[in-house]
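Student: Handing you a structure now.
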Amino acid sequence: MILKRNVSLATALRYKGQGPYLTYILHRIGGLGMAIFVAVHILASFLGGEIGGFLNDVYKNWAFQIFIFFCALFHAINGLRITILDLWPKLLDHSREAIWLEWAVFLPLFGIAVFVILSTALGG
Amino acid sequence: MQVTLKVFRYNPEADKSFRYEIYTLEAEETDRILDLLEKVKGYNDGTLSFRRSCAHGVCGSDAMRINGRNMLACKALVRDVGDKITVEPLLGLKVVKDLIVDMEPFFDNYKKILPYFINDSPLPADGKERLQSPEERARFDETTKCILCAACTTSCPSFWASDQYYGPAALVTAHRFIFDSRDEAASERMHIIAETDGLARCHTAYNCTLACPREIPITKAIGELKMATITGKVE
């Protein structure tokens, strides 16, 4: 009799894999976030009425827009990093620097987008 | 110094589920985690079970999760992990007892990639060695260092999701033979690793490279295999 060792999501998230593992997790969250956005968008058009109106309000909400922009931008930039490293494996010697570069590109772009979304939403 | 050692415990003959036991021990900063486990087994609880053999980072028996990360207990020092230490079995493999996991799925995957030298050509005229240049030998030097401790494979999220995935250790061994100029089964192995449970399941999480106690650039080796299977060229 042996104990079956299922790796739950909570256990997997607790693994201390450092920077690259964080980007791996955020990449999955990004993909899931975009799938949710598309689903909400389609459902809003398909259902219409009060439920459609409610879903419209959800994806037009500034907090949701910031979340979706985070998902899309991070997924795109991280995907680009992985694609480049997959095509030129020798660059994997500089994996750490590639992640720093990724954050250096992501953070200003995301910051500008958050500023624009917030000033549009809250500034009237 | 005093350290707190929290150890994953599971006895299949007595326990319905796992539990953690905490031991407070006197230790030196230069003690290894394996030394602490030996101390617990020798002085606190002789039923504590874990694998160990050479105790010098060569045999790969004592891979386990130490403070949430895969390491060899015989290479991890107290000063590197702190005075609050949690020791757990490797993830993704069934726990047999305490820190011992069932390694069968790991070795089953390893065997799939034909982990042995294949060359059916006649021996050279002098009947001696099949020679290769220092450059040809250097091409796969890194991947010869694998000790099959499973620290890489059991740190991989793709392996946690499916133990059918060959895993980084098997792919590292595939790299070792595919890039060996003397071996003649590169195309056969490339066909095997191009299967659904092979290279395609590597999503570049990089946990394997960081977990490897031999510092093998595993993700890079897998990247080279990906390119070799795409281009059909072993360079």
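Residues are named by chain letter and number: chains run A, B, ... in the order of the structure tokens, numbers start at 1 in each chain, and ligands are numbered from 1 in the order shown.
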Can you list every residue of stretch 126-213 of chain B that has an atom at most 12 Å from stretch 61-83 of chain A, with its nearest atom pair and the distance in Å to one decimal, using only C-alpha atoms, ordered by chain then number, as CSV?
Tutor:
residue,atom,partner,partner_atom,distance
B:Cys202,CA,A:Ile82,CA,11.2
B:His203,CA,A:Ile82,CA,8.5
B:Thr204,CA,A:Ile82,CA,7.1
B:Ala205,CA,A:Ile82,CA,9.6
B:Tyr206,CA,A:Ile82,CA,10.8
Student: Just write the chosen residues, all heavy atoms, as a PDB file, in the first residue's frame.
Tutor:
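The new file out35.pdb reads:
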ATOM      1  N   CYS B 202       7.860  20.057 -22.763  1.00  0.00           N
ATOM      2  CA  CYS B 202       8.743  21.015 -22.076  1.00  0.00           C
ATOM      3  C   CYS B 202       8.261  22.428 -22.390  1.00  0.00           C
ATOM      4  O   CYS B 202       8.234  22.837 -23.544  1.00  0.00           O
ATOM      5  CB  CYS B 202      10.194  20.856 -22.534  1.00  0.00           C
ATOM      6  SG  CYS B 202      11.252  22.181 -21.916  1.00  0.00           S
ATOM      7  N   HIS B 203       7.876  23.168 -21.342  1.00  0.00           N
ATOM      8  CA  HIS B 203       7.388  24.534 -21.531  1.00  0.00           C
ATOM      9  C   HIS B 203       8.362  25.574 -20.962  1.00  0.00           C
ATOM     10  O   HIS B 203       7.955  26.667 -20.569  1.00  0.00           O
ATOM     11  CB  HIS B 203       6.002  24.685 -20.901  1.00  0.00           C
ATOM     12  CG  HIS B 203       4.986  23.767 -21.494  1.00  0.00           C
ATOM     13  ND1 HIS B 203       4.647  23.791 -22.832  1.00  0.00           N
ATOM     14  CD2 HIS B 203       4.257  22.763 -20.949  1.00  0.00           C
ATOM     15  CE1 HIS B 203       3.748  22.856 -23.081  1.00  0.00           C
ATOM     16  NE2 HIS B 203       3.501  22.207 -21.958  1.00  0.00           N
ATOM     17  N   THR B 204       9.633  25.179 -20.870  1.00  0.00           N
ATOM     18  CA  THR B 204      10.697  26.105 -20.482  1.00  0.00           C
ATOM     19  C   THR B 204      10.440  26.769 -19.122  1.00  0.00           C
ATOM     20  O   THR B 204      10.682  27.966 -18.951  1.00  0.00           O
ATOM     21  CB  THR B 204      10.907  27.190 -21.574  1.00  0.00           C
ATOM     22  OG1 THR B 204      10.635  26.625 -22.858  1.00  0.00           O
ATOM     23  CG2 THR B 204      12.334  27.696 -21.599  1.00  0.00           C
ATOM     24  N   ALA B 205       9.965  25.980 -18.162  1.00  0.00           N
ATOM     25  CA  ALA B 205       9.759  26.532 -16.810  1.00  0.00           C
ATOM     26  C   ALA B 205      11.094  26.748 -16.100  1.00  0.00           C
ATOM     27  O   ALA B 205      11.183  27.534 -15.165  1.00  0.00           O
ATOM     28  CB  ALA B 205       8.889  25.600 -15.980  1.00  0.00           C
ATOM     29  N   TYR B 206      12.133  26.012 -16.527  1.00  0.00           N
ATOM     30  CA  TYR B 206      13.504  26.205 -16.055  1.00  0.00           C
ATOM     31  C   TYR B 206      13.764  25.646 -14.654  1.00  0.00           C
ATOM     32  O   TYR B 206      14.873  25.729 -14.129  1.00  0.00           O
ATOM     33  CB  TYR B 206      13.860  27.701 -16.082  1.00  0.00           C
ATOM     34  CG  TYR B 206      15.295  27.994 -16.425  1.00  0.00           C
ATOM     35  CD1 TYR B 206      15.782  27.808 -17.717  1.00  0.00           C
ATOM     36  CD2 TYR B 206      16.175  28.457 -15.465  1.00  0.00           C
ATOM     37  CE1 TYR B 206      17.096  28.078 -18.032  1.00  0.00           C
ATOM     38  CE2 TYR B 206      17.498  28.737 -15.768  1.00  0.00           C
ATOM     39  CZ  TYR B 206      17.950  28.547 -17.054  1.00  0.00           C
ATOM     40  OH  TYR B 206      19.265  28.827 -17.366  1.00  0.00           O
TER      41      TYR B 206
END
Student: Where in stretch 38-133 of chain B does DSSP assign strand (DSSP E or B), given as a VMD selection string?
Tutor: chain B and resid 63 to 66 69 to 72 77 84 to 88 95 to 97 100 to 101
Student: Save the residues we just selected, N, CA and C atoms, as an mmCIF file, in the first residue's frame?
Tutor:
data_model
loop_
_atom_site.group_PDB
_atom_site.id
_atom_site.type_symbol
_atom_site.label_atom_id
_atom_site.label_comp_id
_atom_site.auth_asym_id
_atom_site.auth_seq_id
_atom_site.Cartn_x
_atom_site.Cartn_y
_atom_site.Cartn_z
ATOM 1 N N ALA B 63 17.958 12.783 -3.161
ATOM 2 C CA ALA B 63 17.252 13.977 -3.652
ATOM 3 C C ALA B 63 15.936 14.109 -2.893
ATOM 4 N N MET B 64 15.632 15.298 -2.436
ATOM 5 C CA MET B 64 14.380 15.563 -1.720
ATOM 6 C C MET B 64 14.098 17.057 -1.758
ATOM 7 N N ARG B 65 12.884 17.421 -1.307
ATOM 8 C CA ARG B 65 12.555 18.843 -1.271
ATOM 9 C C ARG B 65 13.017 19.423 0.058
ATOM 10 N N ILE B 66 13.885 20.396 -0.004
ATOM 11 C CA ILE B 66 14.388 21.041 1.208
ATOM 12 C C ILE B 66 13.985 22.505 1.139
ATOM 13 N N ARG B 69 12.295 23.248 -2.270
ATOM 14 C CA ARG B 69 13.051 23.179 -3.519
ATOM 15 C C ARG B 69 13.854 21.889 -3.577
ATOM 16 N N ASN B 70 13.927 21.280 -4.752
ATOM 17 C CA ASN B 70 14.654 20.010 -4.877
ATOM 18 C C ASN B 70 16.160 20.208 -4.726
ATOM 19 N N MET B 71 16.738 19.375 -3.854
ATOM 20 C CA MET B 71 18.196 19.408 -3.654
ATOM 21 C C MET B 71 18.650 18.006 -3.245
ATOM 22 N N LEU B 72 19.969 17.799 -3.234
ATOM 23 C CA LEU B 72 20.516 16.589 -2.631
ATOM 24 C C LEU B 72 20.774 16.903 -1.155
ATOM 25 N N LEU B 77 23.858 22.538 2.709
ATOM 26 C CA LEU B 77 24.386 22.842 4.037
ATOM 27 C C LEU B 77 23.385 23.676 4.836
ATOM 28 N N LYS B 84 15.538 27.086 10.033
ATOM 29 C CA LYS B 84 14.204 26.473 9.992
ATOM 30 C C LYS B 84 14.124 25.674 8.691
ATOM 31 N N ILE B 85 14.160 24.371 8.826
ATOM 32 C CA ILE B 85 14.317 23.517 7.643
ATOM 33 C C ILE B 85 13.131 22.561 7.526
ATOM 34 N N THR B 86 12.527 22.550 6.349
ATOM 35 C CA THR B 86 11.442 21.595 6.081
ATOM 36 C C THR B 86 11.919 20.606 5.026
ATOM 37 N N VAL B 87 11.763 19.339 5.340
ATOM 38 C CA VAL B 87 12.219 18.302 4.418
ATOM 39 C C VAL B 87 11.021 17.450 3.999
ATOM 40 N N GLU B 88 10.842 17.359 2.676
ATOM 41 C CA GLU B 88 9.689 16.621 2.125
ATOM 42 C C GLU B 88 10.146 15.744 0.965
ATOM 43 N N VAL B 95 4.647 8.318 -2.671
ATOM 44 C CA VAL B 95 5.462 8.162 -1.469
ATOM 45 C C VAL B 95 5.326 6.727 -0.965
ATOM 46 N N VAL B 96 6.438 6.054 -0.794
ATOM 47 C CA VAL B 96 6.435 4.685 -0.266
ATOM 48 C C VAL B 96 6.475 4.744 1.254
ATOM 49 N N LYS B 97 7.405 5.504 1.793
ATOM 50 C CA LYS B 97 7.485 5.719 3.250
ATOM 51 C C LYS B 97 8.335 6.958 3.526
ATOM 52 N N ILE B 100 10.933 8.451 1.151
ATOM 53 C CA ILE B 100 11.229 7.531 0.042
ATOM 54 C C ILE B 100 10.070 7.523 -0.950
ATOM 55 N N VAL B 101 10.382 7.768 -2.210
ATOM 56 C CA VAL B 101 9.348 7.749 -3.256
ATOM 57 C C VAL B 101 9.582 6.570 -4.195
#
Student: Using only C-alpha atoms, select each residue of chain B with any atom at most 10 Å away from an atom of chain A, and give the selection as a tab-separated table (two decimals) with N, CA and C atoms, in the first residue's frame.
Tutor:
chain	number	residue	atom	x	y	z
B	10	TYR	N	5.30	9.51	6.79
B	10	TYR	CA	4.17	8.68	6.36
B	10	TYR	C	4.59	7.22	6.46
B	11	ASN	N	3.86	6.49	7.30
B	11	ASN	CA	4.11	5.06	7.45
B	11	ASN	C	2.89	4.32	6.91
B	12	PRO	N	3.02	3.63	5.78
B	12	PRO	CA	1.86	3.00	5.15
B	12	PRO	C	1.20	1.94	6.04
B	13	GLU	N	1.93	1.40	7.02
B	13	GLU	CA	1.37	0.35	7.88
B	13	GLU	C	0.59	0.92	9.06
B	15	ASP	N	-0.30	4.81	9.19
B	15	ASP	CA	-0.93	6.11	8.96
B	15	ASP	C	-1.93	6.07	7.81
B	16	LYS	N	-3.04	6.79	7.99
B	16	LYS	CA	-3.99	6.95	6.88
B	16	LYS	C	-3.54	8.08	5.97
B	17	SER	N	-2.87	9.05	6.55
B	17	SER	CA	-2.38	10.18	5.77
B	17	SER	C	-1.01	10.60	6.29
B	18	PHE	N	-0.37	11.51	5.57
B	18	PHE	CA	0.95	11.96	6.01
B	18	PHE	C	0.82	12.97	7.15
B	65	ARG	N	12.88	17.42	-1.31
B	65	ARG	CA	12.55	18.84	-1.27
B	65	ARG	C	13.02	19.42	0.06
B	66	ILE	N	13.88	20.40	0.00
B	66	ILE	CA	14.39	21.04	1.21
B	66	ILE	C	13.99	22.50	1.14
B	67	ASN	N	13.18	22.91	2.11
B	67	ASN	CA	12.60	24.27	2.11
B	67	ASN	C	11.95	24.59	0.76
B	68	GLY	N	11.19	23.63	0.26
B	68	GLY	CA	10.37	23.87	-0.92
B	68	GLY	C	11.06	23.74	-2.25
B	69	ARG	N	12.30	23.25	-2.27
B	69	ARG	CA	13.05	23.18	-3.52
B	69	ARG	C	13.85	21.89	-3.58
B	70	ASN	N	13.93	21.28	-4.75
B	70	ASN	CA	14.65	20.01	-4.88
B	70	ASN	C	16.16	20.21	-4.73
B	89	PRO	N	9.35	14.73	0.62
B	89	PRO	CA	9.74	13.88	-0.52
B	89	PRO	C	9.58	14.61	-1.85
B	90	LEU	N	10.18	14.06	-2.89
B	90	LEU	CA	10.07	14.63	-4.23
B	90	LEU	C	8.61	14.64	-4.68
B	91	LEU	N	8.25	15.60	-5.47
B	91	LEU	CA	6.87	15.72	-5.96
B	91	LEU	C	6.65	14.86	-7.21
B	92	GLY	N	5.41	14.44	-7.40
B	92	GLY	CA	5.04	13.76	-8.65
B	92	GLY	C	5.30	12.27	-8.66
B	93	LEU	N	5.91	11.74	-7.60
B	93	LEU	CA	6.12	10.29	-7.48
B	93	LEU	C	5.44	9.83	-6.19
B	94	LYS	N	4.92	8.61	-6.20
B	94	LYS	CA	4.19	8.12	-5.02
B	94	LYS	C	5.14	7.92	-3.85
B	95	VAL	N	4.65	8.32	-2.67
B	95	VAL	CA	5.46	8.16	-1.47
B	95	VAL	C	5.33	6.73	-0.97
B	96	VAL	N	6.44	6.05	-0.79
B	96	VAL	CA	6.44	4.68	-0.27
B	96	VAL	C	6.47	4.74	1.25
B	97	LYS	N	7.40	5.50	1.79
B	97	LYS	CA	7.48	5.72	3.25
B	97	LYS	C	8.33	6.96	3.53
B	101	VAL	N	10.38	7.77	-2.21
B	101	VAL	CA	9.35	7.75	-3.26
B	101	VAL	C	9.58	6.57	-4.20
B	102	ASP	N	8.52	6.19	-4.88
B	102	ASP	CA	8.61	5.10	-5.86
B	102	ASP	C	9.23	5.65	-7.14
B	155	SER	N	10.90	18.34	-10.40
B	155	SER	CA	10.68	19.79	-10.21
B	155	SER	C	9.91	20.36	-11.39
B	156	CYS	N	9.60	19.50	-12.36
B	156	CYS	CA	9.00	19.97	-13.62
B	156	CYS	C	7.47	19.97	-13.54
B	157	PRO	N	6.83	21.11	-13.76
B	157	PRO	CA	5.36	21.17	-13.71
B	157	PRO	C	4.70	20.22	-14.72
B	159	PHE	N	5.79	17.28	-15.56
B	159	PHE	CA	5.83	15.94	-14.96
B	159	PHE	C	4.82	15.82	-13.84
B	160	TRP	N	4.61	16.92	-13.09
B	160	TRP	CA	3.59	16.89	-12.03
B	160	TRP	C	2.22	16.64	-12.64
B	161	ALA	N	2.02	17.17	-13.85
B	161	ALA	CA	0.71	17.01	-14.50
B	161	ALA	C	0.55	15.61	-15.09
B	162	SER	N	1.63	15.01	-15.56
B	162	SER	CA	1.55	13.68	-16.17
B	162	SER	C	2.87	12.94	-16.04
B	203	HIS	N	7.88	23.17	-21.34
B	203	HIS	CA	7.39	24.53	-21.53
B	203	HIS	C	8.36	25.57	-20.96
B	204	THR	N	9.63	25.18	-20.87
B	204	THR	CA	10.70	26.10	-20.48
B	204	THR	C	10.44	26.77	-19.12
B	205	ALA	N	9.96	25.98	-18.16
B	205	ALA	CA	9.76	26.53	-16.81
B	205	ALA	C	11.09	26.75	-16.10
B	206	TYR	N	12.13	26.01	-16.53
B	206	TYR	CA	13.50	26.21	-16.06
B	206	TYR	C	13.76	25.65	-14.65
B	207	ASN	N	12.72	25.07	-14.00
B	207	ASN	CA	12.93	24.49	-12.66
B	207	ASN	C	14.00	23.42	-12.68
B	208	CYS	N	14.05	22.64	-13.77
B	208	CYS	CA	14.99	21.52	-13.85
B	208	CYS	C	16.43	22.01	-13.76
B	209	THR	N	16.74	23.07	-14.50
B	209	THR	CA	18.11	23.58	-14.52
B	209	THR	C	18.52	24.07	-13.13
B	210	LEU	N	17.59	24.75	-12.45
B	210	LEU	CA	17.91	25.28	-11.13
B	210	LEU	C	18.00	24.17	-10.08
B	211	ALA	N	17.30	23.06	-10.31
B	211	ALA	CA	17.30	21.98	-9.32
B	211	ALA	C	18.48	21.03	-9.48
B	217	PRO	N	23.18	22.29	-17.74
B	217	PRO	CA	22.23	23.23	-18.36
B	217	PRO	C	21.12	22.46	-19.09
B	218	ILE	N	20.18	21.96	-18.31
B	218	ILE	CA	19.19	21.01	-18.84
B	218	ILE	C	18.28	21.66	-19.88
B	219	THR	N	17.78	22.87	-19.56
B	219	THR	CA	16.86	23.52	-20.50
B	219	THR	C	17.56	23.79	-21.83
B	220	LYS	N	18.84	24.11	-21.76
B	220	LYS	CA	19.61	24.35	-22.99
B	220	LYS	C	19.74	23.04	-23.78
B	221	ALA	N	20.01	21.95	-23.08
B	221	ALA	CA	20.13	20.64	-23.76
B	221	ALA	C	18.81	20.28	-24.43
B	222	ILE	N	17.71	20.52	-23.72
B	222	ILE	CA	16.39	20.22	-24.31
B	222	ILE	C	16.14	21.15	-25.51
B	223	GLY	N	16.56	22.41	-25.39
B	223	GLY	CA	16.43	23.35	-26.51
B	223	GLY	C	17.19	22.87	-27.73
B	224	GLU	N	18.39	22.33	-27.51
B	224	GLU	CA	19.18	21.80	-28.63
B	224	GLU	C	18.49	20.59	-29.26
B	225	LEU	N	17.87	19.78	-28.41
B	225	LEU	CA	17.13	18.62	-28.94
B	225	LEU	C	15.93	19.09	-29.77
B	226	LYS	N	15.25	20.14	-29.28
B	226	LYS	CA	14.10	20.67	-30.03
B	226	LYS	C	14.54	21.10	-31.42
B	227	MET	N	15.65	21.85	-31.47
B	227	MET	CA	16.13	22.32	-32.78
B	227	MET	C	16.57	21.15	-33.66
B	230	ILE	N	13.56	19.56	-35.14
B	230	ILE	CA	12.91	20.42	-36.14
B	230	ILE	C	13.71	20.42	-37.45
Student: Identify, with DSSP run on backbone atoms, the residues in chain A assigned to alpha helix (DSSP H), and express the list as a PyMOL selection string.
Tutor: chain A and resi 9-14+18-47+49-60+62-87+95-122
Student: Do you have the atom CA of B:Cys146-atom CA of A:His27 distance handy?
Tutor: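 Those two atoms sit 29.4 Å apart.
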Student: Could you work out how far atom CA of B:Leu171 lies from atom CA of B:Gly57, giving the answer in Å with one decimal?
Tutor: 21.0 Å
Student: What gap, in Å, lies between atom CA of B:Thr173 and atom CA of A:Ile84?
Tutor: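 Straight-line distance from atom CA of B:Thr173 to atom CA of A:Ile84 works out to 24.3 Å.
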Student: Which residues, written as a list in words, have at least one atom at most 9 Å from B:Gly198, with only C-alpha atoms counted and residues fewer than 3 positions away on the same chain left out?
Tutor: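 Here the answer would be Gln164, Tyr165, Tyr166, Gly167, Leu171, Ile192, Ile193, Ala194, Glu195, Arg201 and Cys202 of chain B.
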Student: Generate the output file for the selected residues, all heavy atoms, as a tab-separated table (two decimals), in the first residue's frame.
Tutor:
chain	number	residue	atom	x	y	z
B	164	GLN	N	3.59	10.45	-17.54
B	164	GLN	CA	3.90	9.85	-18.83
B	164	GLN	C	4.96	10.68	-19.56
B	164	GLN	O	5.61	10.19	-20.48
B	164	GLN	CB	2.64	9.78	-19.71
B	164	GLN	CG	1.58	8.83	-19.17
B	164	GLN	CD	2.10	7.41	-19.05
B	164	GLN	OE1	2.54	6.82	-20.02
B	164	GLN	NE2	2.07	6.86	-17.84
B	165	TYR	N	5.07	11.97	-19.18
B	165	TYR	CA	6.11	12.83	-19.77
B	165	TYR	C	7.48	12.24	-19.43
B	165	TYR	O	7.76	11.92	-18.28
B	165	TYR	CB	5.96	14.25	-19.20
B	165	TYR	CG	7.10	15.20	-19.52
B	165	TYR	CD1	7.65	15.25	-20.80
B	165	TYR	CD2	7.61	16.05	-18.55
B	165	TYR	CE1	8.68	16.13	-21.09
B	165	TYR	CE2	8.64	16.93	-18.83
B	165	TYR	CZ	9.18	16.96	-20.11
B	165	TYR	OH	10.21	17.83	-20.38
B	166	TYR	N	8.33	12.10	-20.45
B	166	TYR	CA	9.63	11.47	-20.24
B	166	TYR	C	10.43	12.20	-19.14
B	166	TYR	O	11.16	11.58	-18.39
B	166	TYR	CB	10.46	11.47	-21.52
B	166	TYR	CG	9.83	10.72	-22.68
B	166	TYR	CD1	10.31	10.86	-23.96
B	166	TYR	CD2	8.73	9.88	-22.49
B	166	TYR	CE1	9.74	10.19	-25.04
B	166	TYR	CE2	8.16	9.20	-23.55
B	166	TYR	CZ	8.66	9.37	-24.82
B	166	TYR	OH	8.11	8.71	-25.88
B	167	GLY	N	10.31	13.51	-19.13
B	167	GLY	CA	10.98	14.30	-18.09
B	167	GLY	C	12.39	14.72	-18.49
B	167	GLY	O	13.01	14.14	-19.38
B	171	LEU	N	15.48	13.20	-21.14
B	171	LEU	CA	15.86	14.00	-22.30
B	171	LEU	C	17.34	14.37	-22.27
B	171	LEU	O	18.00	14.44	-23.31
B	171	LEU	CB	14.98	15.26	-22.39
B	171	LEU	CG	13.49	14.98	-22.64
B	171	LEU	CD1	12.66	16.26	-22.56
B	171	LEU	CD2	13.28	14.30	-23.99
B	192	ILE	N	11.74	9.07	-31.05
B	192	ILE	CA	11.11	8.76	-29.76
B	192	ILE	C	10.80	10.05	-28.99
B	192	ILE	O	9.69	10.23	-28.47
B	192	ILE	CB	12.02	7.84	-28.92
B	192	ILE	CG1	12.14	6.47	-29.59
B	192	ILE	CG2	11.51	7.70	-27.49
B	192	ILE	CD1	13.24	5.59	-29.01
B	193	ILE	N	11.78	10.95	-28.92
B	193	ILE	CA	11.56	12.16	-28.10
B	193	ILE	C	10.62	13.16	-28.79
B	193	ILE	O	10.14	14.08	-28.14
B	193	ILE	CB	12.88	12.86	-27.70
B	193	ILE	CG1	13.65	13.32	-28.94
B	193	ILE	CG2	13.72	11.96	-26.84
B	193	ILE	CD1	14.91	14.10	-28.60
B	194	ALA	N	10.38	12.96	-30.08
B	194	ALA	CA	9.42	13.85	-30.77
B	194	ALA	C	7.98	13.41	-30.54
B	194	ALA	O	7.04	14.07	-30.99
B	194	ALA	CB	9.73	13.88	-32.26
B	195	GLU	N	7.78	12.30	-29.81
B	195	GLU	CA	6.41	11.85	-29.49
B	195	GLU	C	5.73	12.87	-28.57
B	195	GLU	O	6.39	13.75	-28.00
B	195	GLU	CB	6.47	10.49	-28.78
B	195	GLU	CG	7.04	9.35	-29.60
B	195	GLU	CD	6.06	8.83	-30.64
B	195	GLU	OE1	4.85	9.02	-30.44
B	195	GLU	OE2	6.51	8.28	-31.65
B	201	ARG	N	6.29	18.49	-24.34
B	201	ARG	CA	5.77	18.82	-23.00
B	201	ARG	C	6.70	19.74	-22.20
B	201	ARG	O	6.37	20.14	-21.09
B	201	ARG	CB	5.50	17.54	-22.20
B	201	ARG	CG	4.33	16.74	-22.73
B	201	ARG	CD	3.71	15.87	-21.64
B	201	ARG	NE	2.71	14.96	-22.18
B	201	ARG	CZ	1.45	15.29	-22.41
B	201	ARG	NH1	1.03	16.51	-22.14
B	201	ARG	NH2	0.60	14.40	-22.89
B	202	CYS	N	7.86	20.06	-22.76
B	202	CYS	CA	8.74	21.02	-22.08
B	202	CYS	C	8.26	22.43	-22.39
B	202	CYS	O	8.23	22.84	-23.54
B	202	CYS	CB	10.19	20.86	-22.53
B	202	CYS	SG	11.25	22.18	-21.92
